[in-house]
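Colleague: So here's query.txt, just compact mmCIF, N, CA and C atoms:
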```
# COMPACT_ATOMS: atom_id res chain seq x y z
N GLN A 1 -44.31 16.85 110.23
CA GLN A 1 -44.79 18.22 110.09
C GLN A 1 -44.30 18.77 108.76
N VAL A 2 -45.24 19.16 107.91
CA VAL A 2 -44.89 19.70 106.61
C VAL A 2 -44.45 21.16 106.75
N GLN A 3 -43.35 21.49 106.14
CA GLN A 3 -42.89 22.88 106.13
C GLN A 3 -42.54 23.30 104.72
N LEU A 4 -42.97 24.50 104.35
CA LEU A 4 -42.63 25.11 103.07
C LEU A 4 -41.84 26.37 103.39
N VAL A 5 -40.65 26.49 102.84
CA VAL A 5 -39.80 27.63 103.14
C VAL A 5 -39.43 28.35 101.85
N GLU A 6 -39.94 29.58 101.72
CA GLU A 6 -39.65 30.38 100.55
C GLU A 6 -38.39 31.21 100.75
N SER A 7 -37.76 31.55 99.65
CA SER A 7 -36.62 32.47 99.67
C SER A 7 -36.49 33.09 98.29
N GLY A 8 -35.67 34.13 98.21
CA GLY A 8 -35.40 34.76 96.93
C GLY A 8 -36.02 36.12 96.74
N GLY A 9 -36.90 36.53 97.63
CA GLY A 9 -37.49 37.85 97.50
C GLY A 9 -36.46 38.94 97.70
N ASP A 10 -36.68 40.08 97.04
CA ASP A 10 -35.69 41.16 97.11
C ASP A 10 -36.31 42.44 96.57
N LEU A 11 -35.54 43.50 96.63
CA LEU A 11 -35.89 44.78 96.03
C LEU A 11 -35.15 44.89 94.71
N VAL A 12 -35.90 45.01 93.61
CA VAL A 12 -35.28 45.13 92.28
C VAL A 12 -35.96 46.24 91.51
N GLN A 13 -35.30 46.71 90.47
CA GLN A 13 -35.87 47.76 89.63
C GLN A 13 -36.81 47.17 88.59
N THR A 14 -37.68 48.02 88.10
CA THR A 14 -38.58 47.65 87.01
C THR A 14 -37.78 47.07 85.84
N GLY A 15 -38.29 45.95 85.33
CA GLY A 15 -37.61 45.29 84.23
C GLY A 15 -36.62 44.23 84.67
N GLY A 16 -36.35 44.16 85.94
CA GLY A 16 -35.41 43.19 86.47
C GLY A 16 -36.00 41.80 86.61
N SER A 17 -35.19 40.90 87.15
CA SER A 17 -35.59 39.50 87.32
C SER A 17 -35.29 39.02 88.73
N LEU A 18 -36.05 38.04 89.16
CA LEU A 18 -35.83 37.35 90.42
C LEU A 18 -36.22 35.89 90.25
N ARG A 19 -35.61 35.03 91.06
CA ARG A 19 -36.05 33.65 91.12
C ARG A 19 -36.38 33.31 92.57
N LEU A 20 -37.62 32.93 92.78
CA LEU A 20 -38.06 32.49 94.09
C LEU A 20 -37.93 30.97 94.21
N SER A 21 -37.63 30.52 95.42
CA SER A 21 -37.53 29.09 95.68
C SER A 21 -38.45 28.72 96.83
N CYS A 22 -38.97 27.53 96.78
CA CYS A 22 -39.80 26.98 97.86
C CYS A 22 -39.28 25.57 98.14
N VAL A 23 -38.65 25.41 99.28
CA VAL A 23 -38.13 24.11 99.68
C VAL A 23 -39.16 23.42 100.56
N VAL A 24 -39.46 22.18 100.23
CA VAL A 24 -40.48 21.41 100.93
C VAL A 24 -39.82 20.37 101.82
N SER A 25 -40.27 20.30 103.08
CA SER A 25 -39.80 19.22 103.94
C SER A 25 -40.49 17.94 103.53
N GLY A 26 -39.76 16.88 103.46
CA GLY A 26 -40.36 15.65 102.99
C GLY A 26 -40.36 15.59 101.48
N SER A 27 -41.11 14.64 100.93
CA SER A 27 -41.12 14.45 99.48
C SER A 27 -42.14 15.36 98.81
N ILE A 28 -41.66 16.02 97.78
CA ILE A 28 -42.54 16.93 97.04
C ILE A 28 -43.61 16.16 96.28
N PHE A 29 -43.42 14.87 96.10
CA PHE A 29 -44.40 14.05 95.40
C PHE A 29 -45.69 13.89 96.18
N MET A 30 -45.68 14.24 97.47
CA MET A 30 -46.88 14.12 98.29
C MET A 30 -47.95 15.12 97.86
N PHE A 31 -47.54 16.17 97.15
CA PHE A 31 -48.44 17.30 96.92
C PHE A 31 -48.86 17.40 95.45
N ASN A 32 -50.13 17.77 95.28
CA ASN A 32 -50.65 17.94 93.93
C ASN A 32 -51.95 18.72 93.96
N PRO A 33 -51.98 19.96 93.47
CA PRO A 33 -50.85 20.65 92.84
C PRO A 33 -50.02 21.43 93.86
N MET A 34 -49.03 22.10 93.34
CA MET A 34 -48.30 23.11 94.09
C MET A 34 -48.39 24.42 93.31
N GLY A 35 -48.13 25.52 94.03
CA GLY A 35 -48.26 26.78 93.32
C GLY A 35 -47.70 27.96 94.08
N TRP A 36 -47.73 29.09 93.40
CA TRP A 36 -47.32 30.36 93.99
C TRP A 36 -48.52 31.30 94.00
N TYR A 37 -48.67 32.00 95.10
CA TYR A 37 -49.68 33.02 95.27
C TYR A 37 -48.98 34.29 95.73
N ARG A 38 -49.69 35.42 95.62
CA ARG A 38 -49.11 36.67 96.11
C ARG A 38 -50.20 37.55 96.71
N GLN A 39 -49.76 38.41 97.60
CA GLN A 39 -50.69 39.34 98.23
C GLN A 39 -50.02 40.70 98.33
N ALA A 40 -50.61 41.66 97.63
CA ALA A 40 -50.13 43.03 97.67
C ALA A 40 -50.83 43.77 98.81
N PRO A 41 -50.24 44.85 99.29
CA PRO A 41 -50.86 45.60 100.39
C PRO A 41 -52.28 46.04 100.04
N GLY A 42 -53.20 45.76 100.94
CA GLY A 42 -54.58 46.17 100.75
C GLY A 42 -55.37 45.33 99.77
N LYS A 43 -54.77 44.25 99.27
CA LYS A 43 -55.46 43.40 98.29
C LYS A 43 -55.56 41.97 98.80
N GLN A 44 -56.44 41.21 98.16
CA GLN A 44 -56.58 39.81 98.51
C GLN A 44 -55.45 38.99 97.91
N ARG A 45 -55.19 37.85 98.53
CA ARG A 45 -54.20 36.94 98.00
C ARG A 45 -54.70 36.41 96.65
N GLU A 46 -53.81 36.36 95.66
CA GLU A 46 -54.21 35.91 94.34
C GLU A 46 -53.25 34.85 93.82
N LEU A 47 -53.80 34.02 92.93
CA LEU A 47 -52.98 32.98 92.32
C LEU A 47 -52.01 33.59 91.32
N VAL A 48 -50.79 33.08 91.34
CA VAL A 48 -49.79 33.49 90.35
C VAL A 48 -49.57 32.36 89.34
N ALA A 49 -49.31 31.17 89.85
CA ALA A 49 -49.07 30.02 88.96
C ALA A 49 -49.21 28.74 89.75
N THR A 50 -49.67 27.69 89.08
CA THR A 50 -49.76 26.38 89.69
C THR A 50 -49.17 25.34 88.75
N ILE A 51 -48.75 24.23 89.35
CA ILE A 51 -48.20 23.13 88.56
C ILE A 51 -48.64 21.83 89.20
N THR A 52 -49.09 20.90 88.36
CA THR A 52 -49.52 19.61 88.87
C THR A 52 -48.40 18.58 88.77
N ARG A 53 -48.61 17.46 89.43
CA ARG A 53 -47.62 16.39 89.38
C ARG A 53 -47.42 15.90 87.96
N GLY A 54 -48.48 16.01 87.17
CA GLY A 54 -48.40 15.58 85.77
C GLY A 54 -47.79 16.62 84.86
N GLY A 55 -47.48 17.80 85.41
CA GLY A 55 -46.82 18.82 84.62
C GLY A 55 -47.73 19.87 84.01
N THR A 56 -49.01 19.81 84.35
CA THR A 56 -49.92 20.85 83.84
C THR A 56 -49.68 22.15 84.59
N ILE A 57 -49.52 23.22 83.83
CA ILE A 57 -49.19 24.52 84.41
C ILE A 57 -50.28 25.54 84.09
N ASN A 58 -50.55 26.38 85.06
CA ASN A 58 -51.55 27.43 84.90
C ASN A 58 -50.94 28.73 85.42
N TYR A 59 -51.10 29.80 84.65
CA TYR A 59 -50.60 31.11 85.05
C TYR A 59 -51.74 32.13 85.10
N ALA A 60 -51.62 33.07 86.01
CA ALA A 60 -52.50 34.23 85.99
C ALA A 60 -52.21 35.02 84.72
N ASP A 61 -53.24 35.63 84.16
CA ASP A 61 -53.05 36.39 82.92
C ASP A 61 -52.00 37.48 83.09
N SER A 62 -51.93 38.05 84.27
CA SER A 62 -51.04 39.18 84.50
C SER A 62 -49.56 38.80 84.45
N VAL A 63 -49.24 37.50 84.54
CA VAL A 63 -47.84 37.10 84.57
C VAL A 63 -47.45 36.22 83.38
N LYS A 64 -48.41 35.86 82.55
CA LYS A 64 -48.13 35.00 81.40
C LYS A 64 -47.05 35.63 80.51
N GLY A 65 -46.10 34.81 80.12
CA GLY A 65 -45.02 35.28 79.27
C GLY A 65 -43.87 35.91 80.02
N ARG A 66 -44.05 36.15 81.31
CA ARG A 66 -43.00 36.78 82.12
C ARG A 66 -42.50 35.85 83.24
N PHE A 67 -43.40 35.06 83.80
CA PHE A 67 -43.06 34.19 84.92
C PHE A 67 -43.04 32.73 84.45
N THR A 68 -42.18 31.93 85.09
CA THR A 68 -42.11 30.51 84.79
C THR A 68 -42.04 29.72 86.09
N ILE A 69 -42.97 28.78 86.26
CA ILE A 69 -42.97 27.91 87.43
C ILE A 69 -42.32 26.59 87.04
N SER A 70 -41.53 26.03 87.97
CA SER A 70 -40.88 24.76 87.68
C SER A 70 -40.61 24.00 88.97
N MET A 71 -40.28 22.73 88.81
CA MET A 71 -40.03 21.86 89.95
C MET A 71 -38.70 21.14 89.77
N ASP A 72 -37.99 20.97 90.88
CA ASP A 72 -36.80 20.11 90.91
C ASP A 72 -37.11 19.03 91.94
N TYR A 73 -37.55 17.87 91.44
CA TYR A 73 -37.99 16.81 92.35
C TYR A 73 -36.83 16.24 93.17
N ALA A 74 -35.65 16.27 92.62
CA ALA A 74 -34.49 15.76 93.35
C ALA A 74 -34.16 16.63 94.56
N LYS A 75 -34.47 17.93 94.46
CA LYS A 75 -34.17 18.86 95.54
C LYS A 75 -35.40 19.22 96.36
N ASN A 76 -36.54 18.59 96.05
CA ASN A 76 -37.81 18.92 96.75
C ASN A 76 -38.06 20.43 96.75
N THR A 77 -37.86 21.04 95.61
CA THR A 77 -37.93 22.49 95.51
C THR A 77 -38.78 22.91 94.31
N MET A 78 -39.58 23.93 94.53
CA MET A 78 -40.34 24.57 93.46
C MET A 78 -39.78 25.97 93.24
N TYR A 79 -39.78 26.39 92.00
CA TYR A 79 -39.21 27.70 91.66
C TYR A 79 -40.24 28.58 90.96
N LEU A 80 -40.01 29.87 91.03
CA LEU A 80 -40.75 30.82 90.22
C LEU A 80 -39.74 31.80 89.64
N GLN A 81 -39.48 31.67 88.36
CA GLN A 81 -38.60 32.61 87.67
C GLN A 81 -39.44 33.78 87.21
N MET A 82 -39.07 34.98 87.63
CA MET A 82 -39.84 36.17 87.32
C MET A 82 -38.98 37.12 86.51
N ASN A 83 -39.40 37.41 85.29
CA ASN A 83 -38.69 38.33 84.41
C ASN A 83 -39.56 39.54 84.08
N SER A 84 -38.92 40.57 83.56
CA SER A 84 -39.64 41.79 83.15
C SER A 84 -40.56 42.27 84.26
N LEU A 85 -40.02 42.37 85.44
CA LEU A 85 -40.84 42.71 86.61
C LEU A 85 -41.39 44.13 86.52
N LYS A 86 -42.62 44.27 87.01
CA LYS A 86 -43.33 45.54 87.01
C LYS A 86 -43.64 45.95 88.44
N ARG A 87 -43.96 47.20 88.63
CA ARG A 87 -44.28 47.68 89.98
C ARG A 87 -45.50 46.92 90.52
N ASP A 88 -46.43 46.56 89.65
CA ASP A 88 -47.62 45.82 90.09
C ASP A 88 -47.30 44.42 90.59
N ASP A 89 -46.08 43.95 90.39
CA ASP A 89 -45.67 42.64 90.90
C ASP A 89 -45.24 42.71 92.37
N THR A 90 -45.17 43.91 92.91
CA THR A 90 -44.80 44.07 94.31
C THR A 90 -45.83 43.38 95.21
N ALA A 91 -45.35 42.48 96.05
CA ALA A 91 -46.26 41.70 96.91
C ALA A 91 -45.42 40.76 97.77
N VAL A 92 -46.09 40.15 98.73
CA VAL A 92 -45.51 39.00 99.42
C VAL A 92 -45.93 37.76 98.64
N TYR A 93 -44.95 36.95 98.30
CA TYR A 93 -45.19 35.74 97.50
C TYR A 93 -45.17 34.52 98.42
N TYR A 94 -46.20 33.69 98.26
CA TYR A 94 -46.37 32.52 99.12
C TYR A 94 -46.33 31.24 98.30
N CYS A 95 -45.69 30.26 98.86
CA CYS A 95 -45.68 28.91 98.29
C CYS A 95 -46.88 28.15 98.85
N ASN A 96 -47.54 27.39 98.01
CA ASN A 96 -48.72 26.62 98.41
C ASN A 96 -48.57 25.19 97.95
N ALA A 97 -49.00 24.26 98.81
CA ALA A 97 -48.97 22.85 98.44
C ALA A 97 -50.25 22.19 98.95
N ARG A 98 -50.83 21.38 98.10
CA ARG A 98 -52.07 20.72 98.48
C ARG A 98 -51.86 19.21 98.53
N GLN A 99 -52.35 18.62 99.63
CA GLN A 99 -52.32 17.18 99.79
C GLN A 99 -53.74 16.75 100.09
N TRP A 100 -54.43 16.24 99.07
CA TRP A 100 -55.85 15.94 99.14
C TRP A 100 -56.60 17.21 99.57
N ALA A 101 -57.28 17.20 100.72
CA ALA A 101 -58.08 18.36 101.13
C ALA A 101 -57.30 19.33 102.01
N ILE A 102 -56.04 19.05 102.25
CA ILE A 102 -55.24 19.87 103.15
C ILE A 102 -54.32 20.78 102.35
N GLU A 103 -54.31 22.05 102.74
CA GLU A 103 -53.43 23.02 102.10
C GLU A 103 -52.34 23.46 103.07
N TYR A 104 -51.15 23.62 102.54
CA TYR A 104 -50.03 24.10 103.32
C TYR A 104 -49.50 25.39 102.68
N TRP A 105 -49.05 26.30 103.55
CA TRP A 105 -48.52 27.58 103.09
C TRP A 105 -47.15 27.84 103.70
N GLY A 106 -46.32 28.50 102.95
CA GLY A 106 -45.08 29.00 103.49
C GLY A 106 -45.31 30.33 104.20
N GLN A 107 -44.23 30.88 104.72
CA GLN A 107 -44.33 32.12 105.49
C GLN A 107 -44.31 33.35 104.60
N GLY A 108 -43.95 33.19 103.34
CA GLY A 108 -43.94 34.30 102.39
C GLY A 108 -42.57 34.94 102.25
N THR A 109 -42.34 35.49 101.08
CA THR A 109 -41.11 36.24 100.81
C THR A 109 -41.48 37.53 100.09
N GLN A 110 -40.91 38.63 100.51
CA GLN A 110 -41.28 39.95 99.99
C GLN A 110 -40.55 40.25 98.69
N VAL A 111 -41.34 40.62 97.70
CA VAL A 111 -40.80 41.09 96.42
C VAL A 111 -41.24 42.54 96.24
N THR A 112 -40.27 43.42 96.06
CA THR A 112 -40.57 44.85 95.89
C THR A 112 -39.90 45.33 94.61
N ILE A 113 -40.71 45.94 93.76
CA ILE A 113 -40.21 46.45 92.49
C ILE A 113 -40.24 47.98 92.54
N SER A 114 -39.10 48.58 92.31
CA SER A 114 -39.00 50.04 92.32
C SER A 114 -38.88 50.56 90.89
N SER A 115 -39.34 51.80 90.72
CA SER A 115 -39.27 52.41 89.38
C SER A 115 -37.90 53.00 89.12
```
Using the file provided, produce a representation of the structure as C-alpha cells.
Modeller:
Amino acid sequence: QVQLVESGGDLVQTGGSLRLSCVVSGSIFMFNPMGWYRQAPGKQRELVATITRGGTINYADSVKGRFTISMDYAKNTMYLQMNSLKRDDTAVYYCNARQWAIEYWGQGTQVTISS
C-alpha cells in the first residue's frame, strides 16, 4: 500500500519561509513524476511544482524564483522549500506521485500566511 505523508505546514508571516516534506512508503524510484499541488479555499487544486526521475523540474509561474522542489532518494522524501511567502500562498499543500497511470495523493498539510 503506497502512502504519502506530508508535513511542515504552519502559520507564518508574509515574507517568511517554510519547508514541506513528503515521505513516501516504499521506494521513491517507483514514481515518475512527483510533485506538489495546492488548494486554496474556494479554488481548484493547482500545480505548484513537479520533478521527474531524470531531474526535470517545472514550476507554476506564481512560485518561480521563490519555491524549490527537491528529492532525497536515500530518505524516500520529496521537499518543497518555500521562501518569500505571500498571503496568496495560503492553501492546503498536497504531495502527488504518479506510477504509470495511477496517481497517489497525500492527506495534505496546511500552510497559512498572515500579514
Colleague: Once 5 Å is added on each side, what centre and edge lengths in Å to one decimal does the axis-aligned box around all listed atoms of range 38-55 of chain A have, as lines of an AutoDock Vina configuration file?
Modeller:
```
center_x = -51.7
center_y = 30.9
center_z = 92.5
size_x = 19.8
size_y = 40.6
size_z = 26.9
```
Colleague: If I take CA of Leu85 in chain A and CA of Gly54 in chain A, how far is one from the other in Å, to one decimal?
Modeller: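 It comes out at 28.2 Å.
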Colleague: Can you tell me, as JSON, numbers by chain, what residues are no more than 6 Å from Met34 in chain A when counting only C-alpha atoms, ignoring any on the same chain fewer than 2 positions away?
Modeller: {"A": [32, 50, 51, 96, 97]}
Colleague: Looking at A:Ile69, A:Val48, A:Met78, A:Ala91, which one is nearest to Ile113 in chain A, with distances taken over all atoms listed in the file?
Modeller: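 Looking only at the distances to Ile113 in chain A, the closest residue turns out to be A:Ala91.
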Colleague: So how many Å separate atom N of Cys95 in chain A and CA of Cys22 in chain A, to one decimal?
Modeller: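 These two atoms are separated by 6.8 Å.
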Colleague: Go through A:Ser115, A:Gln107, A:Gln44, A:Thr68 one by one, measure the shortest atom-to-atom distance of each to Val5 in chain A using all atoms listed in the file, and give the residue with the smallest value.
Modeller: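 Comparing A:Ser115, A:Gln107, A:Gln44, A:Thr68 against Val5 in chain A, the winner is A:Gln107.
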Colleague: Restricting the calculation to only C-alpha atoms, which member of A:Leu18, A:Ala40, A:Val24, A:Val63 is positioned closest to Thr90 in chain A?
Modeller: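 Among A:Leu18, A:Ala40, A:Val24, A:Val63, it is A:Ala40 that comes nearest to Thr90 in chain A.
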Colleague: Given only N, CA and C atoms as the basis, pick out the residue of A:Leu80, A:Thr56, A:Gly42, A:Met71 nearest to Leu20 in chain A.
Modeller: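 The answer is A:Leu80, which sits nearest to Leu20 in chain A.
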Colleague: In Å, how far is it from atom N of Ala74 in chain A to atom C of Gly26 in chain A?
Modeller: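 Computed distance, atom N of Ala74 in chain A to atom C of Gly26 in chain A, equals 10.1 Å.
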Colleague: Using DSSP on the backbone, list every residue of chain A that comes out as strand (DSSP E), and give them as a PyMOL selection string.
Modeller: chain A and resi 4-7+11-13+18-24+34-39+46-51+57-59+67-72+77-82+91-99+102-105+109-114
Colleague: Using only N, CA and C atoms, find the one residue out of A:Gln81, A:Thr112, A:Gln1, A:Gln39 that sits nearest to Ser21 in chain A.
Modeller: A:Gln81
Colleague: Out of chain A, which residues get helix (DSSP H, G or I) from DSSP, as a list in words?
Modeller: Ile28, Phe29, Met30, Tyr73, Ala74, Lys75, Arg87, Asp88 and Asp89 of chain A
Colleague: Between A:Ser7, A:Ser25, A:Gln99, A:Ser84, single out the one closest to Gly65 in chain A, counting all atoms listed in the file.
Modeller: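 So, comparing all the options, the nearest one is A:Ser84.
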Colleague: Counting only N, CA and C atoms, I want the residues whose atoms come within 6.5 Å of (-41.7, 26.9, 104.9) in the file frame, returned as an mmCIF file with N, CA and C atoms, keeping the file's coordinate frame.
Modeller:
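So point-v6.cif came out as:
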```cif
data_model
loop_
_atom_site.group_PDB
_atom_site.id
_atom_site.type_symbol
_atom_site.label_atom_id
_atom_site.label_comp_id
_atom_site.auth_asym_id
_atom_site.auth_seq_id
_atom_site.Cartn_x
_atom_site.Cartn_y
_atom_site.Cartn_z
ATOM 1 N N GLN A 3 -43.350 21.490 106.140
ATOM 2 C CA GLN A 3 -42.890 22.880 106.130
ATOM 3 C C GLN A 3 -42.540 23.300 104.720
ATOM 4 N N LEU A 4 -42.970 24.500 104.350
ATOM 5 C CA LEU A 4 -42.630 25.110 103.070
ATOM 6 C C LEU A 4 -41.840 26.370 103.390
ATOM 7 N N VAL A 5 -40.650 26.490 102.840
ATOM 8 C CA VAL A 5 -39.800 27.630 103.140
ATOM 9 C C VAL A 5 -39.430 28.350 101.850
ATOM 10 N N GLU A 6 -39.940 29.580 101.720
ATOM 11 C CA GLU A 6 -39.650 30.380 100.550
ATOM 12 C C GLU A 6 -38.390 31.210 100.750
ATOM 13 N N VAL A 23 -38.650 25.410 99.280
ATOM 14 C CA VAL A 23 -38.130 24.110 99.680
ATOM 15 C C VAL A 23 -39.160 23.420 100.560
ATOM 16 N N TRP A 105 -49.050 26.300 103.550
ATOM 17 C CA TRP A 105 -48.520 27.580 103.090
ATOM 18 C C TRP A 105 -47.150 27.840 103.700
ATOM 19 N N GLY A 106 -46.320 28.500 102.950
ATOM 20 C CA GLY A 106 -45.080 29.000 103.490
ATOM 21 C C GLY A 106 -45.310 30.330 104.200
ATOM 22 N N GLN A 107 -44.230 30.880 104.720
ATOM 23 C CA GLN A 107 -44.330 32.120 105.490
ATOM 24 C C GLN A 107 -44.310 33.350 104.600
#
```
